[in-house]
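For reference, structure-v2.pdb is printed below; it contains PDB, C-alpha atoms.
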ATOM      1  CA  MET A  24      -7.581 -56.364  -2.581
ATOM      2  CA  ALA A  25      -8.581 -53.549  -4.969
ATOM      3  CA  PHE A  26      -7.398 -49.987  -4.334
ATOM      4  CA  LYS A  27     -10.364 -48.049  -2.979
ATOM      5  CA  TRP A  28      -9.652 -44.827  -4.863
ATOM      6  CA  ARG A  29     -12.951 -43.108  -3.947
ATOM      7  CA  LYS A  30     -12.320 -43.656  -0.250
ATOM      8  CA  TRP A  31      -8.861 -42.066  -0.550
ATOM      9  CA  ASN A  32     -10.267 -39.317  -2.772
ATOM     10  CA  ASN A  33     -12.780 -38.431  -0.053
ATOM     11  CA  ILE A  34     -10.174 -38.574   2.712
ATOM     12  CA  LEU A  35      -7.885 -36.270   0.706
ATOM     13  CA  HIS A  36     -10.745 -33.862  -0.007
ATOM     14  CA  ARG A  37     -11.845 -33.828   3.643
ATOM     15  CA  ASP A  38      -8.406 -33.300   5.175
ATOM     16  CA  LEU A  39      -7.179 -30.769   2.635
ATOM     17  CA  GLY A  40     -10.517 -28.988   3.099
ATOM     18  CA  TYR A  41      -9.832 -28.665   6.826
ATOM     19  CA  LEU A  42      -6.305 -27.425   6.141
ATOM     20  CA  ALA A  43      -7.423 -24.896   3.547
ATOM     21  CA  PHE A  44     -10.345 -23.560   5.595
ATOM     22  CA  GLY A  45      -8.508 -20.648   7.241
ATOM     23  CA  LEU A  46      -6.720 -19.401   4.150
ATOM     24  CA  THR A  47      -9.838 -19.816   2.001
ATOM     25  CA  LEU A  48     -11.773 -17.529   4.342
ATOM     26  CA  ILE A  49      -8.914 -15.005   4.349
ATOM     27  CA  TYR A  50      -8.686 -15.017   0.537
ATOM     28  CA  ALA A  51     -12.476 -14.833   0.163
ATOM     29  CA  ILE A  52     -12.926 -11.862   2.505
ATOM     30  CA  SER A  53      -9.859 -10.046   1.196
ATOM     31  CA  GLY A  54     -10.895 -10.832  -2.396
ATOM     32  CA  VAL A  55     -14.197  -8.999  -1.992
ATOM     33  CA  ALA A  56     -12.454  -6.139  -0.173
ATOM     34  CA  VAL A  57      -9.790  -5.517  -2.831
ATOM     35  CA  ASN A  58     -12.242  -6.049  -5.718
ATOM     36  CA  HIS A  59     -13.802  -2.734  -4.767
ATOM     37  CA  VAL A  60     -10.558  -0.810  -4.379
ATOM     38  CA  GLY A  61     -11.989   1.911  -6.649
ATOM     39  CA  ASP A  62     -14.779   2.619  -4.148
ATOM     40  CA  TRP A  63     -12.935   2.442  -0.854
ATOM     41  CA  ASN A  64      -9.566   1.829   0.723
ATOM     42  CA  PRO A  65      -9.531  -1.828   1.851
ATOM     43  CA  ASN A  66      -6.363  -1.429   3.946
ATOM     44  CA  TYR A  67      -6.768   1.848   5.778
ATOM     45  CA  LYS A  68      -9.459   3.809   7.494
ATOM     46  CA  ILE A  69      -8.836   7.453   6.604
ATOM     47  CA  ILE A  70     -10.548  10.212   8.566
ATOM     48  CA  GLN A  71     -10.291  13.757   7.221
ATOM     49  CA  ARG A  72     -10.977  16.913   9.214
ATOM     50  CA  GLU A  73     -10.877  20.565   8.274
ATOM     51  CA  THR A  74     -10.514  23.404  10.717
ATOM     52  CA  THR A  75      -9.047  26.908  10.978
ATOM     53  CA  ILE A  76      -6.462  28.278  13.405
ATOM     54  CA  SER A  77      -4.724  31.640  13.718
ATOM     55  CA  PRO A  78      -2.837  32.575  10.548
ATOM     56  CA  ARG A  79       0.984  32.564  10.474
ATOM     57  CA  SER A  80       3.407  34.502   8.307
ATOM     58  CA  PRO A  81       4.196  32.521   5.179
ATOM     59  CA  GLY A  82       7.569  32.247   3.495
ATOM     60  CA  LYS A  83       9.712  31.271   6.465
ATOM     61  CA  ILE A  84      10.804  28.157   8.319
ATOM     62  CA  LEU A  85       8.941  27.797  11.599
ATOM     63  CA  SER A  86      10.849  27.444  14.856
ATOM     64  CA  GLN A  87      10.233  24.495  17.202
ATOM     65  CA  ASP A  88       8.289  26.828  19.520
ATOM     66  CA  GLU A  89       6.052  27.991  16.664
ATOM     67  CA  ILE A  90       5.379  24.378  15.658
ATOM     68  CA  GLN A  91       4.518  23.473  19.249
ATOM     69  CA  ASP A  92       2.137  26.476  19.318
ATOM     70  CA  ILE A  93       0.356  25.128  16.239
ATOM     71  CA  LEU A  94       0.019  21.681  17.835
ATOM     72  CA  ARG A  95      -1.284  23.240  21.063
ATOM     73  CA  GLU A  96      -3.824  25.307  19.145
ATOM     74  CA  LEU A  97      -5.016  22.152  17.409
ATOM     75  CA  ASN A  98      -5.071  20.333  20.733
ATOM     76  CA  VAL A  99      -2.756  17.674  19.347
ATOM     77  CA  SER A 100      -0.396  15.687  21.518
ATOM     78  CA  GLY A 101       2.123  13.076  20.466
ATOM     79  CA  GLU A 102       5.588  12.977  19.032
ATOM     80  CA  LEU A 103       6.283  15.001  15.914
ATOM     81  CA  ASN A 104       8.007  12.745  13.357
ATOM     82  CA  ASN A 105       8.789  15.212  10.597
ATOM     83  CA  VAL A 106       8.081  18.650   9.151
ATOM     84  CA  TYR A 107       7.836  19.391   5.437
ATOM     85  CA  TYR A 108       7.335  22.625   3.492
ATOM     86  CA  PRO A 109       5.751  21.864   0.092
ATOM     87  CA  SER A 110       5.691  25.600  -0.723
ATOM     88  CA  PRO A 111       6.389  28.891   1.083
ATOM     89  CA  GLU A 112       2.664  29.098   1.881
ATOM     90  CA  GLU A 113       2.251  25.667   3.435
ATOM     91  CA  VAL A 114       3.678  23.418   6.125
ATOM     92  CA  HIS A 115       2.960  19.732   6.710
ATOM     93  CA  LEU A 116       3.433  18.264  10.179
ATOM     94  CA  PHE A 117       3.665  14.504  10.567
ATOM     95  CA  LEU A 118       2.768  12.595  13.712
ATOM     96  CA  GLU A 119       2.213   8.826  13.894
ATOM     97  CA  GLY A 120      -0.761   8.093  11.603
ATOM     98  CA  HIS A 121      -1.708  11.775  11.594
ATOM     99  CA  THR A 122      -0.847  14.432   9.004
ATOM    100  CA  ILE A 123      -1.539  18.134   9.523
ATOM    101  CA  GLU A 124      -1.444  20.404   6.476
ATOM    102  CA  LEU A 125      -1.516  24.090   7.377
ATOM    103  CA  HIS A 126      -1.969  26.948   4.939
ATOM    104  CA  LEU A 127       0.032  29.551   6.821
ATOM    105  CA  ALA A 128      -1.556  32.790   5.590
ATOM    106  CA  SER A 129      -5.183  31.707   6.023
ATOM    107  CA  GLY A 130      -4.772  29.337   8.984
ATOM    108  CA  GLN A 131      -6.778  26.676   7.150
ATOM    109  CA  VAL A 132      -5.915  23.202   8.384
ATOM    110  CA  TYR A 133      -6.521  19.869   6.716
ATOM    111  CA  GLU A 134      -5.934  16.872   8.960
ATOM    112  CA  GLU A 135      -5.760  13.251   7.946
ATOM    113  CA  PHE A 136      -5.837  10.351  10.379
ATOM    114  CA  VAL A 137      -4.789   6.962   8.991
ATOM    115  CA  ARG A 138      -5.425   3.664  10.738
ATOM    116  CA  GLU A 139      -4.842   0.154   9.448
ATOM    117  CA  ARG A 140      -8.112  -1.795   9.285
ATOM    118  CA  PRO A 141      -7.607  -4.332  12.092
ATOM    119  CA  LEU A 142      -8.727  -7.504  10.276
ATOM    120  CA  LEU A 143      -8.621  -6.551   6.628
ATOM    121  CA  TYR A 144      -5.108  -5.100   6.613
ATOM    122  CA  PRO A 145      -3.391  -8.379   7.635
ATOM    123  CA  MET A 146      -5.740 -10.397   5.392
ATOM    124  CA  ASN A 147      -4.932  -8.230   2.359
ATOM    125  CA  TYR A 148      -1.267  -8.325   3.343
ATOM    126  CA  LEU A 149      -1.257 -12.100   2.878
ATOM    127  CA  HIS A 150      -3.695 -12.251  -0.029
ATOM    128  CA  LEU A 151      -1.761  -9.700  -2.097
ATOM    129  CA  ASN A 152       1.518 -11.383  -1.161
ATOM    130  CA  HIS A 153       3.171  -8.373   0.446
ATOM    131  CA  PRO A 154       5.554 -10.557   2.506
ATOM    132  CA  LYS A 155       6.947 -12.168  -0.709
ATOM    133  CA  GLU A 156       9.835 -14.600   0.058
ATOM    134  CA  ILE A 157       8.583 -17.808   1.715
ATOM    135  CA  TRP A 158       4.944 -16.691   1.655
ATOM    136  CA  THR A 159       5.051 -16.954  -2.152
ATOM    137  CA  TRP A 160       5.709 -20.687  -1.698
ATOM    138  CA  MET A 161       2.906 -20.996   0.844
ATOM    139  CA  ALA A 162       0.500 -19.283  -1.538
ATOM    140  CA  ASP A 163       1.609 -21.582  -4.387
ATOM    141  CA  ILE A 164       1.033 -24.642  -2.194
ATOM    142  CA  TYR A 165      -2.381 -23.285  -1.254
ATOM    143  CA  ALA A 166      -3.227 -22.804  -4.955
ATOM    144  CA  VAL A 167      -2.257 -26.424  -5.657
ATOM    145  CA  VAL A 168      -4.382 -27.548  -2.684
ATOM    146  CA  LEU A 169      -7.351 -25.609  -4.119
ATOM    147  CA  GLY A 170      -6.846 -27.388  -7.436
ATOM    148  CA  ILE A 171      -6.799 -30.787  -5.685
ATOM    149  CA  LEU A 172      -9.940 -29.825  -3.716
ATOM    150  CA  ALA A 173     -11.711 -28.898  -6.953
ATOM    151  CA  ILE A 174     -10.789 -32.165  -8.670
ATOM    152  CA  THR A 175     -11.403 -34.485  -5.706
ATOM    153  CA  GLY A 176     -14.698 -32.667  -5.036
ATOM    154  CA  LEU A 177     -16.006 -33.887  -8.394
ATOM    155  CA  PHE A 178     -15.718 -37.530  -7.341
ATOM    156  CA  ILE A 179     -17.077 -37.523  -3.793
ATOM    157  CA  LEU A 180     -20.566 -38.712  -4.700
ATOM    158  CA  ARG A 181     -21.519 -41.463  -7.066
ATOM    159  CA  GLY A 182     -24.868 -41.970  -8.772
ATOM    160  CA  PRO A 183     -27.318 -39.407 -10.191
ATOM    161  CA  LYS A 184     -26.101 -36.605  -7.912
ATOM    162  CA  GLY A 185     -22.442 -37.265  -8.740
ATOM    163  CA  ILE A 186     -20.298 -36.199 -11.669
ATOM    164  CA  THR A 187     -22.142 -38.520 -14.050
ATOM    165  CA  GLY A 188     -25.485 -36.832 -13.302
ATOM    166  CA  ARG A 189     -26.404 -33.520 -11.723
ATOM    167  CA  GLY A 190     -22.727 -32.838 -10.943
ATOM    168  CA  ALA A 191     -21.872 -32.799 -14.667
ATOM    169  CA  TRP A 192     -24.469 -30.106 -15.367
ATOM    170  CA  LEU A 193     -23.387 -27.895 -12.486
ATOM    171  CA  THR A 194     -19.688 -28.337 -13.316
ATOM    172  CA  GLY A 195     -20.448 -27.447 -16.940
ATOM    173  CA  LEU A 196     -22.299 -24.330 -15.822
ATOM    174  CA  GLY A 197     -19.349 -23.377 -13.620
ATOM    175  CA  LEU A 198     -17.025 -23.604 -16.623
ATOM    176  CA  LEU A 199     -19.469 -21.740 -18.856
ATOM    177  CA  ILE A 200     -19.743 -18.663 -16.607
ATOM    178  CA  PRO A 201     -16.106 -17.501 -17.030
ATOM    179  CA  LEU A 202     -16.248 -18.455 -20.718
ATOM    180  CA  ILE A 203     -19.287 -16.211 -21.320
ATOM    181  CA  PHE A 204     -17.562 -13.289 -19.585
ATOM    182  CA  LEU A 205     -14.407 -13.870 -21.629
ATOM    183  CA  ILE A 206     -16.450 -13.818 -24.854
ATOM    184  CA  ILE A 207     -18.174 -10.575 -23.773
ATOM    185  CA  TYR A 208     -15.095  -8.712 -22.526
ATOM    186  CA  LEU A 209     -12.233  -9.993 -24.667
TER     187      LEU A 209
ATOM    188  CA  MET B  10       7.844 -19.932  35.606
ATOM    189  CA  LYS B  11       7.456 -21.681  32.264
ATOM    190  CA  THR B  12       4.390 -19.556  31.403
ATOM    191  CA  ARG B  13       6.277 -16.351  32.177
ATOM    192  CA  TYR B  14       9.138 -17.513  29.949
ATOM    193  CA  HIS B  15       6.735 -18.211  27.073
ATOM    194  CA  ILE B  16       4.985 -14.849  27.463
ATOM    195  CA  THR B  17       8.362 -13.038  27.439
ATOM    196  CA  LEU B  18       9.426 -14.975  24.345
ATOM    197  CA  ILE B  19       6.184 -14.121  22.501
ATOM    198  CA  LEU B  20       6.501 -10.439  23.459
ATOM    199  CA  LEU B  21      10.102 -10.381  22.225
ATOM    200  CA  ILE B  22       9.090 -11.931  18.893
ATOM    201  CA  ILE B  23       6.181  -9.474  18.470
ATOM    202  CA  GLY B  24       8.475  -6.603  19.452
ATOM    203  CA  GLY B  25      11.049  -7.799  16.951
ATOM    204  CA  LEU B  26       8.466  -7.976  14.180
ATOM    205  CA  TYR B  27       6.920  -4.599  14.818
ATOM    206  CA  GLY B  28       9.953  -2.661  15.946
ATOM    207  CA  LYS B  29      12.024  -3.136  12.830
ATOM    208  CA  GLU B  30      12.366  -0.991   9.748
ATOM    209  CA  LEU B  31      10.333  -1.839   6.671
ATOM    210  CA  VAL B  32      12.326  -3.155   3.727
ATOM    211  CA  PHE B  33      11.077  -3.146   0.121
ATOM    212  CA  GLY B  34      12.464  -4.600  -3.097
ATOM    213  CA  GLU B  35      16.159  -5.201  -3.721
ATOM    214  CA  PRO B  36      18.765  -4.538  -1.007
ATOM    215  CA  LEU B  37      20.240  -1.029  -1.226
ATOM    216  CA  SER B  38      23.587  -1.104  -3.031
ATOM    217  CA  GLN B  39      24.726   2.522  -3.400
ATOM    218  CA  THR B  40      27.172   3.708  -0.765
ATOM    219  CA  GLU B  41      26.493   7.440  -1.118
ATOM    220  CA  VAL B  42      23.234   9.275  -0.560
ATOM    221  CA  THR B  43      22.596  11.901  -3.232
ATOM    222  CA  PRO B  44      20.712  14.885  -1.791
ATOM    223  CA  VAL B  45      17.376  15.495  -3.526
ATOM    224  CA  SER B  46      18.399  19.137  -3.997
ATOM    225  CA  THR B  47      21.507  18.033  -5.946
ATOM    226  CA  ILE B  48      19.426  15.865  -8.279
ATOM    227  CA  LEU B  49      16.813  18.581  -8.829
ATOM    228  CA  ALA B  50      19.499  21.231  -9.447
ATOM    229  CA  ALA B  51      20.716  19.375 -12.569
ATOM    230  CA  PRO B  52      18.212  16.547 -13.166
ATOM    231  CA  ASP B  53      19.282  15.820 -16.746
ATOM    232  CA  ASP B  54      22.743  14.861 -15.452
ATOM    233  CA  TYR B  55      21.155  12.060 -13.420
ATOM    234  CA  VAL B  56      18.696  10.612 -15.969
ATOM    235  CA  GLY B  57      19.405   6.893 -16.354
ATOM    236  CA  LYS B  58      21.674   6.814 -13.295
ATOM    237  CA  ILE B  59      20.998   4.868 -10.117
ATOM    238  CA  VAL B  60      20.831   7.074  -7.033
ATOM    239  CA  LYS B  61      20.092   6.649  -3.342
ATOM    240  CA  VAL B  62      18.028   9.378  -1.651
ATOM    241  CA  ARG B  63      17.022   9.912   1.963
ATOM    242  CA  GLY B  64      14.278  12.049   3.460
ATOM    243  CA  PRO B  65      10.843  12.144   5.049
ATOM    244  CA  VAL B  66       7.974  10.344   3.325
ATOM    245  CA  VAL B  67       5.626  13.254   2.601
ATOM    246  CA  ASP B  68       2.985  11.449   0.547
ATOM    247  CA  VAL B  69       2.047   7.893  -0.435
ATOM    248  CA  CYS B  70      -0.306   6.435  -3.061
ATOM    249  CA  ALA B  71      -3.407   5.864  -0.939
ATOM    250  CA  ASN B  72      -4.929   2.974  -2.858
ATOM    251  CA  ARG B  73      -2.122   0.835  -4.177
ATOM    252  CA  GLY B  74       1.007   2.056  -2.419
ATOM    253  CA  CYS B  75       2.683   2.259  -5.845
ATOM    254  CA  TRP B  76       4.532   5.541  -5.236
ATOM    255  CA  MET B  77       5.790   7.703  -2.425
ATOM    256  CA  ASP B  78       7.143  11.238  -2.341
ATOM    257  CA  ILE B  79      10.343  11.879  -0.415
ATOM    258  CA  GLY B  80      10.894  15.403   0.861
ATOM    259  CA  GLY B  81      14.132  17.105  -0.094
ATOM    260  CA  ASP B  82      16.973  18.309   2.112
ATOM    261  CA  GLU B  83      15.898  21.839   1.199
ATOM    262  CA  PRO B  84      12.383  23.250   1.649
ATOM    263  CA  PHE B  85       9.783  23.125  -1.162
ATOM    264  CA  GLN B  86      11.415  20.120  -2.819
ATOM    265  CA  LYS B  87      10.405  16.496  -3.161
ATOM    266  CA  ILE B  88      10.970  13.579  -5.497
ATOM    267  CA  THR B  89       8.649  10.708  -6.364
ATOM    268  CA  ILE B  90       9.688   7.081  -6.030
ATOM    269  CA  LYS B  91       7.522   5.120  -8.470
ATOM    270  CA  VAL B  92       7.260   1.344  -8.517
ATOM    271  CA  GLU B  93       5.231  -1.147 -10.522
ATOM    272  CA  ASP B  94       1.877  -2.044  -8.948
ATOM    273  CA  GLY B  95       2.387  -4.915  -6.522
ATOM    274  CA  GLU B  96       6.172  -5.008  -6.907
ATOM    275  CA  MET B  97       6.610  -2.960  -3.738
ATOM    276  CA  ILE B  98       3.677  -1.639  -1.737
ATOM    277  CA  PHE B  99       4.450   1.414   0.374
ATOM    278  CA  PRO B 100       2.159   1.661   3.403
ATOM    279  CA  LEU B 101       0.108   4.796   3.918
ATOM    280  CA  THR B 102       1.257   4.809   7.528
ATOM    281  CA  ALA B 103       4.804   5.522   6.292
ATOM    282  CA  LYS B 104       3.928   9.217   5.999
ATOM    283  CA  GLY B 105       6.255  11.244   8.174
ATOM    284  CA  HIS B 106       8.768   8.424   8.595
ATOM    285  CA  THR B 107      12.240   8.728   7.125
ATOM    286  CA  ALA B 108      12.905   6.635   4.030
ATOM    287  CA  ILE B 109      15.990   5.681   2.083
ATOM    288  CA  ALA B 110      15.191   4.741  -1.487
ATOM    289  CA  GLU B 111      17.251   3.656  -4.436
ATOM    290  CA  GLY B 112      16.378   3.633  -8.111
ATOM    291  CA  LYS B 113      16.990   4.949 -11.594
ATOM    292  CA  VAL B 114      16.235   8.591 -12.343
ATOM    293  CA  GLU B 115      13.812   8.978 -15.236
ATOM    294  CA  LYS B 116      12.505  11.925 -17.188
ATOM    295  CA  LEU B 117       8.881  12.052 -18.303
ATOM    296  CA  HIS B 118       7.112  14.515 -20.507
ATOM    297  CA  TRP B 119       3.363  14.818 -19.976
ATOM    298  CA  THR B 120       0.918  16.667 -22.215
ATOM    299  CA  ARG B 121      -1.838  18.784 -20.646
ATOM    300  CA  ASP B 122      -4.360  15.959 -21.221
ATOM    301  CA  GLU B 123      -2.082  13.463 -19.487
ATOM    302  CA  VAL B 124      -1.625  15.801 -16.494
ATOM    303  CA  LEU B 125      -5.415  16.249 -16.368
ATOM    304  CA  GLU B 126      -5.937  12.474 -16.230
ATOM    305  CA  ILE B 127      -3.275  12.075 -13.522
ATOM    306  CA  LYS B 128      -4.767  14.860 -11.391
ATOM    307  CA  LYS B 129      -8.241  13.353 -11.825
ATOM    308  CA  HIS B 130      -6.965   9.953 -10.710
ATOM    309  CA  GLN B 131      -5.173  11.479  -7.708
ATOM    310  CA  ALA B 132      -8.338  13.351  -6.676
ATOM    311  CA  GLU B 133     -10.346  10.106  -6.826
ATOM    312  CA  GLU B 134      -7.636   8.347  -4.851
ATOM    313  CA  GLN B 135      -7.638  10.987  -2.118
ATOM    314  CA  GLY B 136     -11.421  11.422  -2.150
ATOM    315  CA  ILE B 137     -11.166  15.140  -2.909
ATOM    316  CA  GLU B 138     -13.019  17.281  -5.439
ATOM    317  CA  PHE B 139     -11.406  17.467  -8.876
ATOM    318  CA  ASP B 140     -11.120  20.884 -10.509
ATOM    319  CA  PRO B 141     -10.433  20.567 -14.271
ATOM    320  CA  ASN B 142      -9.611  24.298 -14.358
ATOM    321  CA  ASP B 143      -6.821  23.979 -11.783
ATOM    322  CA  PRO B 144      -4.006  26.217 -13.136
ATOM    323  CA  SER B 145      -1.423  23.549 -12.264
ATOM    324  CA  ILE B 146      -2.899  21.364 -15.030
ATOM    325  CA  LYS B 147      -0.492  22.114 -17.857
ATOM    326  CA  GLU B 148       2.117  20.408 -20.008
ATOM    327  CA  ARG B 149       5.160  19.514 -17.969
ATOM    328  CA  THR B 150       8.380  17.553 -17.711
ATOM    329  CA  ILE B 151       8.984  15.663 -14.503
ATOM    330  CA  TYR B 152      11.874  13.783 -13.021
ATOM    331  CA  ARG B 153      11.262  10.853 -10.729
ATOM    332  CA  ILE B 154      13.000   7.744  -9.484
ATOM    333  CA  ARG B 155      11.988   4.319 -10.727
ATOM    334  CA  GLY B 156      12.325   2.471  -7.417
ATOM    335  CA  ILE B 157      14.524  -0.602  -7.063
ATOM    336  CA  GLY B 158      14.657  -0.870  -3.280
ATOM    337  CA  ALA B 159      13.702   1.113  -0.201
ATOM    338  CA  VAL B 160      13.920   1.090   3.568
ATOM    339  CA  ILE B 161      11.452   2.981   5.733
ATOM    340  CA  GLU B 162      12.758   3.658   9.212
ATOM    341  CA  GLU B 163      10.564   3.217  12.271
TER     342      GLU B 163
END
Represent the structure of the file as structure tokens.
Amino acid sequence: MAFKWRKWNNILHRDLGYLAFGLTLIYAISGVAVNHVGDWNPNYKIIQRETTISPRSPGKILSQDEIQDILRELNVSGELNNVYYPSPEEVHLFLEGHTIELHLASGQVYEEFVRERPLLYPMNYLHLNHPKEIWTWMADIYAVVLGILAITGLFILRGPKGITGRGAWLTGLGLLIPLIFLIIYL
Amino acid sequence: MKTRYHITLILLIIGGLYGKELVFGEPLSQTEVTPVSTILAAPDDYVGKIVKVRGPVVDVCANRGCWMDIGGDEPFQKITIKVEDGEMIFPLTAKGHTAIAEGKVEKLHWTRDEVLEIKKHQAEEQGIEFDPNDPSIKERTIYRIRGIGAVIEE
């Protein structure tokens, strides 16, 4: 009995396709998001706010009471993580996901609120291989699976719509597109 | 009973994942912490040496997480921990948390044009207006740490 290679090709393509579905979506969505990193921050939503409060005397370290007064005046609650003085004129107060920069003499306040984007942050985390370690292996396996999907995909159909007909033209076009861009940009 | 056990187990795992410190790069190897003020008092003495510093994270590269500034033990001081893009990615949410970082001290000399480009890039990164006439745009020598490993405490 002859080995039915096309049958096994299609089974492999189908089952690996199911397995790769989740990660392909994650990589696709994250890919678009990080492609435009120059235009937006794909990981964090950053909200900035400017306001003015009563001025304070510059050039000295604020007491805990004075810091609490500033927070009260800004109507901010929450635990203060750290305090930093970049210069005698300025103090930075850090709360969880919230930075307050106060220019002491003028009372001008710049606030920044940082939140992780709920879906994109974890997707980018995996796509850009932040976890490293064992995830590097997972990503390598996924890359090999994508390669197998690409190759087995060529041989699913036979006849004029398969790789000997229409498929050959479309596959050729798919190879030509990156080549044209390489010729233009390299 | 079984359901309650599973829920508790899941909560413990999630708690374990989220409650821990964040670790980046190589494990920290230096036993002593060198105060930032000590390094900045005589930076040339430390160029090329591996140091471990500790302090609050006062700024982070917003787009790529490729650097973070650690505040000094004395006011008005900070030092930058710079890493290669993608090698370590410091989260923006680390601001205000305490970090311990280790790396090699390096000395860089930037011309006015180079400082202008850096400031322009930082302004784009932070989404703020860039002023090419900013008086701080001038030739300068800086000292920073080329990061090898870091731990950001929760």
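When only C-alpha atoms are used to compute distances to chain B, the closest of the residues A:Ile90, A:Met161, A:Ile123, A:Leu177 turns out to be A:Ile123.
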**Study point:** Within 10 Å of chain A: residues of chain B, using all atoms listed in the file, as a ChimeraX atom specification
**Key:** /B:33-34,64-68,71-73,79-87,95-107,133-136,163
Practice item. Work out how far CA of Arg63 (chain B) is from CA of Ile93 (chain A), in Å to one decimal. Key: 26.7 Å
So which residues touch region 48-50 of chain A within 8 Å, counting all atoms listed in the file, skipping near sequence neighbours fewer than 3 positions away, as a compact mmCIF listing (two decimals) with C-alpha atoms, in the coordinates of the input?
# COMPACT_ATOMS: atom_id res chain seq x y z
CA PHE A 44 -10.34 -23.56 5.60
CA GLY A 45 -8.51 -20.65 7.24
CA SER A 53 -9.86 -10.05 1.20
CA GLY A 54 -10.90 -10.83 -2.40
CA MET A 146 -5.74 -10.40 5.39
CA ASN A 147 -4.93 -8.23 2.36
CA HIS A 150 -3.70 -12.25 -0.03
Check your understanding: By how many Å are CA of Asp143 (chain B) and CA of Lys128 (chain B) apart?
Key ->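 Answer for the CA of Asp143 (chain B) to CA of Lys128 (chain B) separation: 9.4 Å.
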Practice item. Between CA of Thr89 (chain B) and CA of Pro52 (chain B), measure the distance and give it in Å to one decimal. Key: 13.1 Å
Point to revise | Resolved residues for the PyMOL selection byres ((chain B and resi 47) around 12) as a VMD selection string | key: chain B and resid 42 to 46 48 to 55 60 to 62 81 to 83 86 to 88
So that all listed atoms of region 97-106 of chain B fit with 4 Å spare on each side, what axis-aligned box centre and edge lengths in Å, to one decimal, would you give as JSON?
{"center_x": 4.4, "center_y": 4.1, "center_z": 2.4, "size_x": 16.7, "size_y": 22.2, "size_z": 20.3}
Point to revise | Close residues, Gly190 (chain A) itself excluded, 12 Å, only C-alpha atoms, min 6 positions apart in chain, as a ChimeraX atom specification | key: /A:176-184,196-197
Deliver the residues from the most recent selection as a file, using C-alpha atoms, as a JSON list (two decimals), keeping the file's coordinate frame.
[["chain", "number", "residue", "atom", "x", "y", "z"],
["A", 176, "GLY", "CA", -14.70, -32.67, -5.04],
["A", 177, "LEU", "CA", -16.01, -33.89, -8.39],
["A", 178, "PHE", "CA", -15.72, -37.53, -7.34],
["A", 179, "ILE", "CA", -17.08, -37.52, -3.79],
["A", 180, "LEU", "CA", -20.57, -38.71, -4.70],
["A", 181, "ARG", "CA", -21.52, -41.46, -7.07],
["A", 182, "GLY", "CA", -24.87, -41.97, -8.77],
["A", 183, "PRO", "CA", -27.32, -39.41, -10.19],
["A", 184, "LYS", "CA", -26.10, -36.60, -7.91],
["A", 196, "LEU", "CA", -22.30, -24.33, -15.82],
["A", 197, "GLY", "CA", -19.35, -23.38, -13.62]]
Can you take the partial region 37-48 of chain B, add N, CA and C atoms, and return it as a CSV table (one decimal), in the frame of the given file?
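Printed below is rebuild.csv as written:
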chain,number,residue,atom,x,y,z
B,37,LEU,N,19.6,-2.3,-0.8
B,37,LEU,CA,20.2,-1.0,-1.2
B,37,LEU,C,21.7,-1.3,-1.5
B,38,SER,N,22.2,-0.8,-2.6
B,38,SER,CA,23.6,-1.1,-3.0
B,38,SER,C,24.5,0.1,-3.1
B,39,GLN,N,23.9,1.3,-3.3
B,39,GLN,CA,24.7,2.5,-3.4
B,39,GLN,C,25.3,2.9,-2.0
B,40,THR,N,26.5,3.3,-2.0
B,40,THR,CA,27.2,3.7,-0.8
B,40,THR,C,26.8,5.1,-0.4
B,41,GLU,N,26.7,6.0,-1.4
B,41,GLU,CA,26.5,7.4,-1.1
B,41,GLU,C,25.0,7.8,-1.3
B,42,VAL,N,24.6,8.7,-0.4
B,42,VAL,CA,23.2,9.3,-0.6
B,42,VAL,C,23.4,10.5,-1.4
B,43,THR,N,22.6,10.7,-2.4
B,43,THR,CA,22.6,11.9,-3.2
B,43,THR,C,21.5,12.8,-2.7
B,44,PRO,N,21.8,14.0,-2.3
B,44,PRO,CA,20.7,14.9,-1.8
B,44,PRO,C,19.7,15.2,-2.9
B,45,VAL,N,18.4,15.2,-2.5
B,45,VAL,CA,17.4,15.5,-3.5
B,45,VAL,C,17.6,16.8,-4.2
B,46,SER,N,18.1,17.8,-3.4
B,46,SER,CA,18.4,19.1,-4.0
B,46,SER,C,19.5,19.1,-5.1
B,47,THR,N,20.4,18.2,-4.9
B,47,THR,CA,21.5,18.0,-5.9
B,47,THR,C,20.9,17.5,-7.2
B,48,ILE,N,20.0,16.5,-7.1
B,48,ILE,CA,19.4,15.9,-8.3
B,48,ILE,C,18.6,16.9,-9.0
